[in-house]
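Note: the block below is target_35.txt and it holds compact mmCIF, C-alpha atoms and all ligand atoms.
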# COMPACT_ATOMS: atom_id res chain seq x y z
CA MET A 21 0.00 0.00 0.00
CA ASN A 22 2.80 2.40 0.60
CA ASN A 23 5.39 4.33 -1.31
CA TRP A 24 7.16 5.26 1.86
CA ALA A 25 10.34 7.21 1.14
CA HIS A 26 11.40 8.31 4.63
CA LYS A 27 14.24 6.53 6.39
CA HIS A 28 13.82 8.85 9.40
CA VAL A 29 10.87 10.87 10.69
CA LEU A 30 12.36 14.10 12.02
CA ASP A 31 9.60 16.63 11.29
CA LEU A 32 6.44 17.02 9.24
CA ALA A 33 7.70 19.75 6.91
CA SER A 34 8.92 17.03 4.55
CA PHE A 35 5.61 15.10 4.47
CA SER A 36 3.62 14.93 1.23
CA LEU A 37 -0.15 14.51 1.18
CA GLU A 38 0.43 10.87 0.26
CA ASP A 39 2.58 10.41 3.39
CA TYR A 40 -0.21 11.76 5.61
CA SER A 41 -2.75 9.54 3.83
CA THR A 42 -0.54 6.46 4.23
CA VAL A 43 -0.11 7.03 7.97
CA ILE A 44 -3.81 7.78 8.57
CA ALA A 45 -5.01 4.75 6.56
CA LEU A 46 -2.59 2.39 8.33
CA ALA A 47 -3.40 3.82 11.77
CA ASP A 48 -7.10 3.41 11.01
CA ARG A 49 -6.53 -0.29 10.21
CA PHE A 50 -4.44 -0.82 13.36
CA ARG A 51 -7.04 0.99 15.48
CA SER A 52 -9.82 -1.35 14.35
CA LEU A 53 -7.83 -4.56 14.93
CA PRO A 54 -9.30 -5.29 18.40
CA GLU A 55 -12.77 -5.36 16.78
CA THR A 56 -11.63 -8.36 14.72
CA GLY A 57 -10.29 -10.08 17.83
CA THR A 58 -6.64 -9.35 17.00
CA ARG A 59 -4.71 -7.90 19.94
CA LYS A 60 -1.21 -8.28 18.56
CA LEU A 61 0.40 -8.58 15.11
CA PRO A 62 3.64 -10.39 14.27
CA ALA A 63 4.73 -7.64 11.83
CA LEU A 64 7.83 -6.46 13.74
CA GLN A 65 8.93 -9.80 15.17
CA GLY A 66 12.71 -9.79 15.60
CA LYS A 67 12.97 -5.99 15.26
CA LEU A 68 14.44 -3.94 18.08
CA ILE A 69 12.86 -0.58 19.01
CA THR A 70 14.82 1.53 21.48
CA THR A 71 13.36 4.55 23.26
CA LEU A 72 15.97 7.17 24.13
CA PHE A 73 14.14 9.77 26.20
CA PHE A 74 16.58 12.33 27.60
CA GLU A 75 13.57 14.44 28.71
CA PRO A 76 10.62 13.39 30.90
CA SER A 77 7.58 11.85 29.26
CA THR A 78 4.46 10.01 30.36
CA ARG A 79 2.32 9.35 27.30
CA THR A 80 4.71 9.55 24.34
CA ARG A 81 7.29 7.06 25.63
CA SER A 82 4.73 4.57 26.97
CA SER A 83 2.71 4.86 23.81
CA PHE A 84 5.74 4.06 21.60
CA GLU A 85 6.53 1.10 23.86
CA LEU A 86 2.99 -0.23 23.62
CA ALA A 87 2.87 0.35 19.86
CA ALA A 88 6.09 -1.63 19.39
CA LYS A 89 4.85 -4.47 21.61
CA LYS A 90 1.53 -4.67 19.76
CA LEU A 91 3.59 -5.31 16.61
CA SER A 92 5.66 -7.98 18.45
CA ALA A 93 8.94 -6.01 18.41
CA ASP A 94 11.53 -6.22 21.17
CA VAL A 95 11.65 -2.98 23.16
CA GLN A 96 14.54 -1.42 25.04
CA ASN A 97 13.96 1.62 27.25
CA PHE A 98 16.82 3.90 28.26
CA ALA A 99 16.63 5.62 31.67
CA PRO A 100 18.76 8.81 31.59
CA GLN A 101 19.13 9.28 35.38
CA SER A 102 20.76 5.88 35.87
CA SER A 103 22.72 5.91 32.59
CA ALA A 104 26.30 6.79 31.63
CA LEU A 105 25.02 10.27 30.71
CA THR A 106 25.74 11.02 34.37
CA LYS A 107 29.39 10.14 33.61
CA GLY A 108 29.55 12.63 30.75
CA GLU A 109 28.58 10.44 27.79
CA SER A 110 27.04 12.47 24.94
CA PRO A 111 23.61 11.78 23.36
CA LEU A 112 25.34 10.75 20.10
CA ASP A 113 27.59 8.23 21.91
CA THR A 114 24.53 6.94 23.78
CA ALA A 115 22.76 6.48 20.44
CA ILE A 116 25.80 4.74 18.92
CA THR A 117 25.89 2.35 21.90
CA TYR A 118 22.26 1.33 21.37
CA MET A 119 22.78 1.01 17.61
CA SER A 120 25.66 -1.36 18.31
CA MET A 121 23.19 -3.51 20.24
CA GLY A 122 21.12 -3.72 17.06
CA ALA A 123 18.39 -1.06 17.35
CA ASP A 124 16.30 -0.91 14.17
CA VAL A 125 14.56 2.29 15.29
CA LEU A 126 15.74 4.82 17.85
CA VAL A 127 12.85 6.87 19.22
CA ILE A 128 14.50 10.02 20.56
CA ARG A 129 13.36 12.86 22.80
CA HIS A 130 15.75 15.62 23.84
CA ASN A 131 15.44 19.21 25.03
CA LEU A 132 17.79 20.44 22.28
CA SER A 133 16.28 21.14 18.87
CA ASN A 134 17.96 19.13 16.11
CA ILE A 135 19.65 16.39 18.19
CA SER A 136 17.57 13.84 16.27
CA ALA A 137 18.70 15.37 12.96
CA GLU A 138 22.36 15.26 14.05
CA ILE A 139 22.13 11.58 14.98
CA ALA A 140 20.28 10.84 11.71
CA SER A 141 23.00 12.55 9.68
CA TYR A 142 25.69 10.53 11.51
CA ILE A 143 23.76 7.34 10.62
CA ASP A 144 23.52 8.33 6.96
CA GLN A 145 27.19 9.30 6.72
CA GLU A 146 28.20 5.97 8.23
CA GLY A 147 25.83 4.06 5.93
CA LEU A 148 23.97 2.51 8.88
CA ASN A 149 20.45 1.18 8.58
CA THR A 150 18.90 2.43 11.86
CA SER A 151 15.92 4.81 11.60
CA ILE A 152 15.42 7.83 13.83
CA LEU A 153 11.96 8.74 15.00
CA ASN A 154 11.90 12.17 16.63
CA ALA A 155 9.66 12.06 19.71
CA GLY A 156 10.13 15.76 20.49
CA ASP A 157 13.25 17.92 20.16
CA GLY A 158 13.36 21.22 22.05
CA LEU A 159 10.71 23.49 20.65
CA HIS A 160 11.29 22.36 17.07
CA SER A 161 9.16 19.35 16.24
CA HIS A 162 7.00 16.49 17.58
CA PRO A 163 5.83 14.65 14.46
CA SER A 164 4.00 11.71 16.06
CA GLN A 165 1.94 14.16 18.16
CA GLY A 166 1.10 16.24 15.07
CA LEU A 167 -0.01 13.06 13.30
CA LEU A 168 -2.12 11.75 16.17
CA ASP A 169 -3.79 15.15 16.50
CA LEU A 170 -4.52 15.11 12.77
CA PHE A 171 -5.88 11.56 13.01
CA THR A 172 -8.07 12.50 16.01
CA LEU A 173 -9.53 15.50 14.18
CA ALA A 174 -10.03 13.58 10.92
CA SER A 175 -11.81 10.83 12.91
CA PHE A 176 -13.98 13.41 14.65
CA PHE A 177 -15.07 15.09 11.41
CA ASN A 178 -15.36 11.86 9.45
CA PRO A 179 -15.70 8.86 11.82
CA ASN A 180 -16.28 6.25 9.10
CA GLU A 181 -13.49 7.24 6.79
CA PRO A 182 -10.96 9.60 8.36
CA SER A 183 -8.64 11.07 5.74
CA THR A 184 -6.70 14.21 4.89
CA LYS A 185 -9.84 15.42 3.06
CA SER A 186 -11.77 15.44 6.36
CA LEU A 187 -9.79 18.54 7.39
CA SER A 188 -10.13 20.59 4.21
CA GLY A 189 -11.66 24.02 4.87
CA LYS A 190 -11.94 23.48 8.63
CA ASN A 191 -10.87 26.27 10.99
CA ILE A 192 -8.77 24.99 13.88
CA ALA A 193 -7.72 27.21 16.80
CA ILE A 194 -4.47 26.62 18.70
CA VAL A 195 -4.42 28.61 21.94
CA GLY A 196 -1.72 29.40 24.49
CA ASP A 197 2.04 29.05 24.59
CA ILE A 198 2.69 28.62 20.87
CA LEU A 199 6.22 30.04 21.04
CA HIS A 200 7.61 27.17 23.13
CA SER A 201 5.53 24.43 21.57
CA ARG A 202 6.94 21.79 19.23
CA VAL A 203 3.40 20.34 19.19
CA ALA A 204 1.99 23.58 17.74
CA ARG A 205 4.76 23.66 15.10
CA SER A 206 4.10 20.07 14.00
CA ASN A 207 0.36 20.76 13.95
CA LEU A 208 0.92 23.81 11.75
CA TRP A 209 2.65 21.67 9.11
CA ALA A 210 0.08 18.85 9.34
CA LEU A 211 -3.12 20.89 9.47
CA THR A 212 -2.20 23.36 6.70
CA ALA A 213 -1.07 20.42 4.50
CA CYS A 214 -4.67 19.14 4.67
CA GLU A 215 -5.94 22.63 3.79
CA ALA A 216 -7.27 23.37 7.26
CA ASN A 217 -6.92 27.01 8.33
CA VAL A 218 -5.17 27.55 11.66
CA ILE A 219 -6.04 30.45 13.94
CA LEU A 220 -3.34 30.97 16.54
CA CYS A 221 -4.38 32.71 19.74
CA GLY A 222 -2.29 33.95 22.65
CA PRO A 223 -0.58 37.02 24.12
CA GLN A 224 2.29 38.63 22.21
CA ASN A 225 5.07 37.17 24.38
CA LEU A 226 3.80 33.62 23.82
CA LEU A 227 2.87 34.17 20.18
CA PRO A 228 5.11 36.51 18.17
CA ASP A 229 3.56 38.10 15.04
CA ASP A 230 5.92 36.29 12.66
CA PHE A 231 4.15 32.96 13.30
CA VAL A 232 1.79 33.86 10.43
CA GLN A 233 4.76 33.24 8.11
CA PHE A 234 5.71 29.95 9.78
CA ILE A 235 5.09 27.71 6.76
CA ASP A 236 6.94 30.06 4.40
CA SER A 237 10.29 28.93 5.76
CA PRO A 238 10.72 25.14 5.67
CA PRO A 239 13.70 23.78 7.60
CA PRO A 240 17.12 23.46 5.94
CA GLY A 241 17.33 20.48 3.63
CA ILE A 242 13.81 20.93 2.21
CA LYS A 243 14.25 22.77 -1.06
CA LYS A 244 10.63 22.80 -2.14
CA ASP A 245 7.47 22.48 -0.07
CA PRO A 246 6.03 19.01 -0.92
CA ILE A 247 2.50 20.42 -0.50
CA ASN A 248 1.02 22.39 -3.42
CA LYS A 249 -1.73 24.22 -1.58
CA ARG A 250 -1.74 24.82 2.16
CA GLY A 251 -4.41 26.28 4.46
CA ASN A 252 -3.90 29.74 5.97
CA ILE A 253 -2.40 30.74 9.29
CA SER A 254 -3.76 33.79 11.10
CA ILE A 255 -3.33 35.32 14.55
CA GLU A 256 -6.12 36.43 16.84
CA ARG A 257 -5.18 38.05 20.16
CA SER A 258 -8.66 37.83 21.69
CA LEU A 259 -9.98 34.38 22.59
CA LYS A 260 -13.52 35.65 22.17
CA ASP A 261 -12.90 36.62 18.52
CA CYS A 262 -10.86 33.49 17.87
CA LEU A 263 -13.50 31.05 19.10
CA LYS A 264 -16.42 32.64 17.27
CA ASP A 265 -16.14 30.64 14.12
CA VAL A 266 -13.80 27.68 14.66
CA ASP A 267 -14.50 23.96 14.23
CA ALA A 268 -12.14 22.76 17.00
CA VAL A 269 -9.78 24.20 19.60
CA MET A 270 -6.49 22.84 20.86
CA THR A 271 -4.85 24.34 23.93
CA LEU A 272 -1.29 24.06 25.24
CA ARG A 273 0.51 24.09 28.57
CA LEU A 274 2.72 27.04 29.57
CA GLN A 275 6.02 25.26 28.88
CA LYS A 276 7.99 26.97 31.65
CA GLU A 277 11.02 24.70 31.33
CA ARG A 278 11.50 26.04 27.79
CA MET A 279 11.16 29.72 28.81
CA LYS A 280 14.28 31.72 29.61
CA LYS A 281 12.29 33.81 32.11
CA SER A 282 8.75 33.78 33.43
CA LEU A 283 6.56 35.27 30.70
CA ILE A 284 3.22 35.18 32.50
CA THR A 285 3.17 36.90 35.86
CA ASP A 286 -0.57 36.93 36.52
CA ILE A 287 -1.80 33.33 36.11
CA ASN A 288 -5.39 34.21 37.10
CA ARG A 289 -5.54 36.86 34.41
CA TYR A 290 -4.10 34.41 31.86
CA TYR A 291 -6.73 31.82 32.81
CA PHE A 292 -9.47 34.44 32.50
CA ASP A 293 -8.22 35.64 29.10
CA TYR A 294 -7.02 32.41 27.48
CA GLY A 295 -8.25 29.49 29.63
CA ILE A 296 -10.45 26.95 27.87
CA THR A 297 -13.38 27.00 30.27
CA HIS A 298 -17.11 26.48 29.73
CA GLU A 299 -17.43 30.23 30.32
CA ASN A 300 -15.05 31.10 27.47
CA LEU A 301 -16.44 28.36 25.20
CA LYS A 302 -19.75 30.30 25.21
CA TYR A 303 -18.09 32.55 22.62
CA CYS A 304 -18.29 29.67 20.10
CA ARG A 305 -21.20 29.78 17.68
CA ARG A 306 -21.49 25.98 17.88
CA LYS A 307 -20.39 23.16 20.15
CA ILE A 308 -16.77 22.34 19.28
CA PRO A 309 -14.32 19.64 20.39
CA VAL A 310 -11.44 20.52 22.72
CA MET A 311 -7.96 19.00 22.43
CA HIS A 312 -4.80 19.11 24.53
CA PRO A 313 -1.57 17.12 23.92
CA GLY A 314 -1.00 16.77 27.68
CA PRO A 315 0.36 17.10 30.26
CA VAL A 316 -2.47 19.40 31.39
CA ASN A 317 -2.16 22.05 34.07
CA ARG A 318 -5.70 22.28 35.35
CA GLY A 319 -6.89 25.80 36.15
CA ILE A 320 -4.12 27.44 34.08
CA GLU A 321 -4.81 26.74 30.39
CA ILE A 322 -7.94 24.57 30.77
CA SER A 323 -10.55 23.84 33.45
CA SER A 324 -11.11 20.46 35.09
CA GLU A 325 -14.75 20.67 34.02
CA VAL A 326 -13.84 20.93 30.32
CA ILE A 327 -11.29 18.10 30.60
CA GLN A 328 -13.97 15.86 32.10
CA ASP A 329 -16.76 16.94 29.74
CA ASN A 330 -16.98 13.89 27.49
CA SER A 331 -19.36 15.66 25.15
CA ILE A 332 -16.51 17.95 23.99
CA SER A 333 -13.16 16.70 25.29
CA LEU A 334 -11.07 14.63 22.85
CA ILE A 335 -8.08 14.47 25.23
CA ASN A 336 -8.40 10.77 26.08
CA GLN A 337 -9.02 9.95 22.42
CA GLN A 338 -5.78 11.72 21.54
CA VAL A 339 -3.96 9.43 23.99
CA ARG A 340 -5.71 6.34 22.55
CA ASN A 341 -5.04 7.36 18.95
CA GLY A 342 -1.35 7.82 19.74
CA ILE A 343 -0.91 4.03 19.81
CA PRO A 344 -2.12 3.17 16.25
CA ILE A 345 -0.34 6.25 14.87
CA ARG A 346 2.94 5.11 16.43
CA MET A 347 2.31 1.54 15.25
CA ALA A 348 1.94 2.93 11.73
CA LEU A 349 5.17 4.93 11.96
CA LEU A 350 7.18 2.01 13.37
CA TYR A 351 5.72 -0.30 10.74
CA LEU A 352 6.54 2.07 7.87
CA LEU A 353 10.09 2.72 9.04
CA THR A 354 10.93 -0.95 9.48
CA ASN A 355 9.24 -2.08 6.25
CA ARG A 356 10.33 0.72 3.94
CA LYS A 357 11.77 0.00 0.54
CA LEU A 358 15.49 0.60 0.76
CA THR A 359 15.80 3.10 -2.05
CA GLU A 360 18.47 5.30 -0.55
C1 LIG B 401 4.16 17.66 24.74
C2 LIG B 401 5.65 17.66 24.57
O1 LIG B 401 6.37 16.99 25.28
O2 LIG B 401 6.05 18.38 23.66
N1 LIG B 401 3.62 16.57 25.36
C3 LIG B 401 3.44 15.39 24.68
O3 LIG B 401 4.33 14.85 24.11
N2 LIG B 401 2.20 14.89 24.67
C4 LIG B 401 3.61 18.94 25.22
C5 LIG B 401 4.17 19.60 26.44
O4 LIG B 401 5.29 19.34 26.88
O5 LIG B 401 3.47 20.47 26.97

Now that the file is in, can you turn its structure into structure tokens?
Amino acid sequence: MNNWAHKHVLDLASFSLEDYSTVIALADRFRSLPETGTRKLPALQGKLITTLFFEPSTRTRSSFELAAKKLSADVQNFAPQSSALTKGESPLDTAITYMSMGADVLVIRHNLSNISAEIASYIDQEGLNTSILNAGDGLHSHPSQGLLDLFTLASFFNPNEPSTKSLSGKNIAIVGDILHSRVARSNLWALTACEANVILCGPQNLLPDDFVQFIDSPPPGIKKDPINKRGNISIERSLKDCLKDVDAVMTLRLQKERMKKSLITDINRYYFDYGITHENLKYCRRKIPVMHPGPVNRGIEISSEVIQDNSISLINQQVRNGIPIRMALLYLLTNRKLTE
């Protein structure tokens, strides 16, 4: 079914519409497996998936582990606090060590943007066969989260046949700390590729004006945008105006560990202005779904009541959909045609 050309998945700027369709279609098949009584597939038997998380994670790491196990792969998890990192070993040497043990895919999270790309370019220079799957690097990119968010939205708008077309013409709001969010950046590539329009909303210091040009500057190495026609990006400073006419809203945590100094001094004011609460959702013309990549900080960017409101909250579905999306990515990387 696939013409999968990627040896590594480092960001979504290099994804074509066909790539998105391939991932969504495969994830959709994996998601419906339990209905046919299949709990586990032998597809990755004998493959070794290694998770190298240099930064904390609850859902992403566990979800990759579960995805690999559901495809019958062997899984190795690296624990930074008890590793030789504490003796000064570098991330690249850590990666080389795990590759020497035979890792087929290294799933990497690090607080520095581009660590995944550096390790991938070492692999390519050395002619090695290991794939890198970026599970979040600094504030640059988080492709599997962008894909699971896309899959969740496509499934919401078109439950029987989720596809890239399900997003076309939809208006999706992303609210909060956009500046420090790799999730927002990956969502911008994914959503606009499917011709959804993205309305970014937040205060100036969390959302600089130049974000409207975000998709005009693809990362180095991508000469031409693989997408012919993208949706628009706009900025709305007022949540009230932003929510008026959107089809879904995604909110983000204040990512304090990625801020050089505290950018929000009055948390109550921030919650009043930008919090996703039932009060603020009254500005929407219609009932819309609410998303959050997690971890949530209740009472800061979203209320407990909204999180627990099953008639609008897609947060648990995002977590559930992360597993088939990561199964699809691991499957594609380990079964790609070796054209390079
Ligand atoms: C995000 C991340 O780590 O980038 N979480 C996730 O992977 N689901 C978002 C965040 O840190 O706020």

Task: Residue with smallest distance to ligand LIG 401 (chain B) - pool A:Gln165, A:Gln328, A:Ser237, A:Thr172, counting only C-alpha atoms and all ligand atoms - done: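 Going through A:Gln165, A:Gln328, A:Ser237, A:Thr172 one by one, the smallest distance to ligand LIG 401 (chain B) is for A:Gln165.
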
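Of the listed residues (A:Lys185, A:Arg250, A:Arg356, A:Arg340), A:Arg340 comes nearest to ligand LIG 401 (chain B); the distances count all atoms listed in the file.
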
Open item on the list: Please compute the atom CA of Thr297 of chain A-atom CA of Asp261 of chain A distance, one decimal, in Å.
Closed with: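 Separating atom CA of Thr297 of chain A from atom CA of Asp261 of chain A is a distance of 15.2 Å.
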
Task: Cut-off 6 Å, all atoms listed in the file, neighbours of ligand LIG 401 (chain B) as a ChimeraX atom specification - done: /A:80,156,202-203,273,275,313-315

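The nearest approach to Ser183 of chain A among the residues A:Leu220, A:Ile247, A:Met347, A:Leu37, with all atoms listed in the file taken into account, belongs to A:Leu37.
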
TODO: Just give me the residues with any atom within 10 Å of (4.3, -6.3, 21.0), file coordinates, counting only C-alpha atoms, written as a PyMOL selection string.
DONE: chain A and resi 59-65+85-95+347

TODO: Go through A:Asp230, A:Glu181, A:Val269, A:His28 and flag the residue nearest Val218 of chain A, using all atoms listed in the file for the distances.
DONE: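 Of all the options, A:Val269 lies closest to Val218 of chain A.
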
- [ ] Select, from A:Asp48, A:Asn191, A:Val125, A:Arg306, the residue with the minimum atom-to-atom distance to Pro179 of chain A, counting all atoms listed in the file.
- [x]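 Distance minimum relative to Pro179 of chain A lands on A:Asp48.
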
Open item on the list: Would you pick out the contacts of Ala216 of chain A at 8 Å or less, using only C-alpha atoms, so that residues sharing its chain but fewer than 5 positions from it are not included, and give the list as a list in words?
Closed with: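 In the requested format, the answer is Leu187, Ser188, Gly189, Lys190, Asn191, Ile192, Leu211, Arg250, Gly251 and Asn252 of chain A.
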
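Relative to atom CA of Leu30 of chain A, atom CA of Ala137 of chain A is found at 6.5 Å.
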
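Between Asn341 of chain A and the residues A:Glu109, A:Glu215, A:Asp169, A:Asp39, the shortest atom-to-atom distance, using all atoms listed in the file, involves A:Asp169.
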
Open item on the list: Which residues are close to Ala348 of chain A, i.e. within 8 Å by only C-alpha atoms, leaving aside same-chain residues fewer than 5 positions away? Reply as a count of residues only.
Closed with: 4
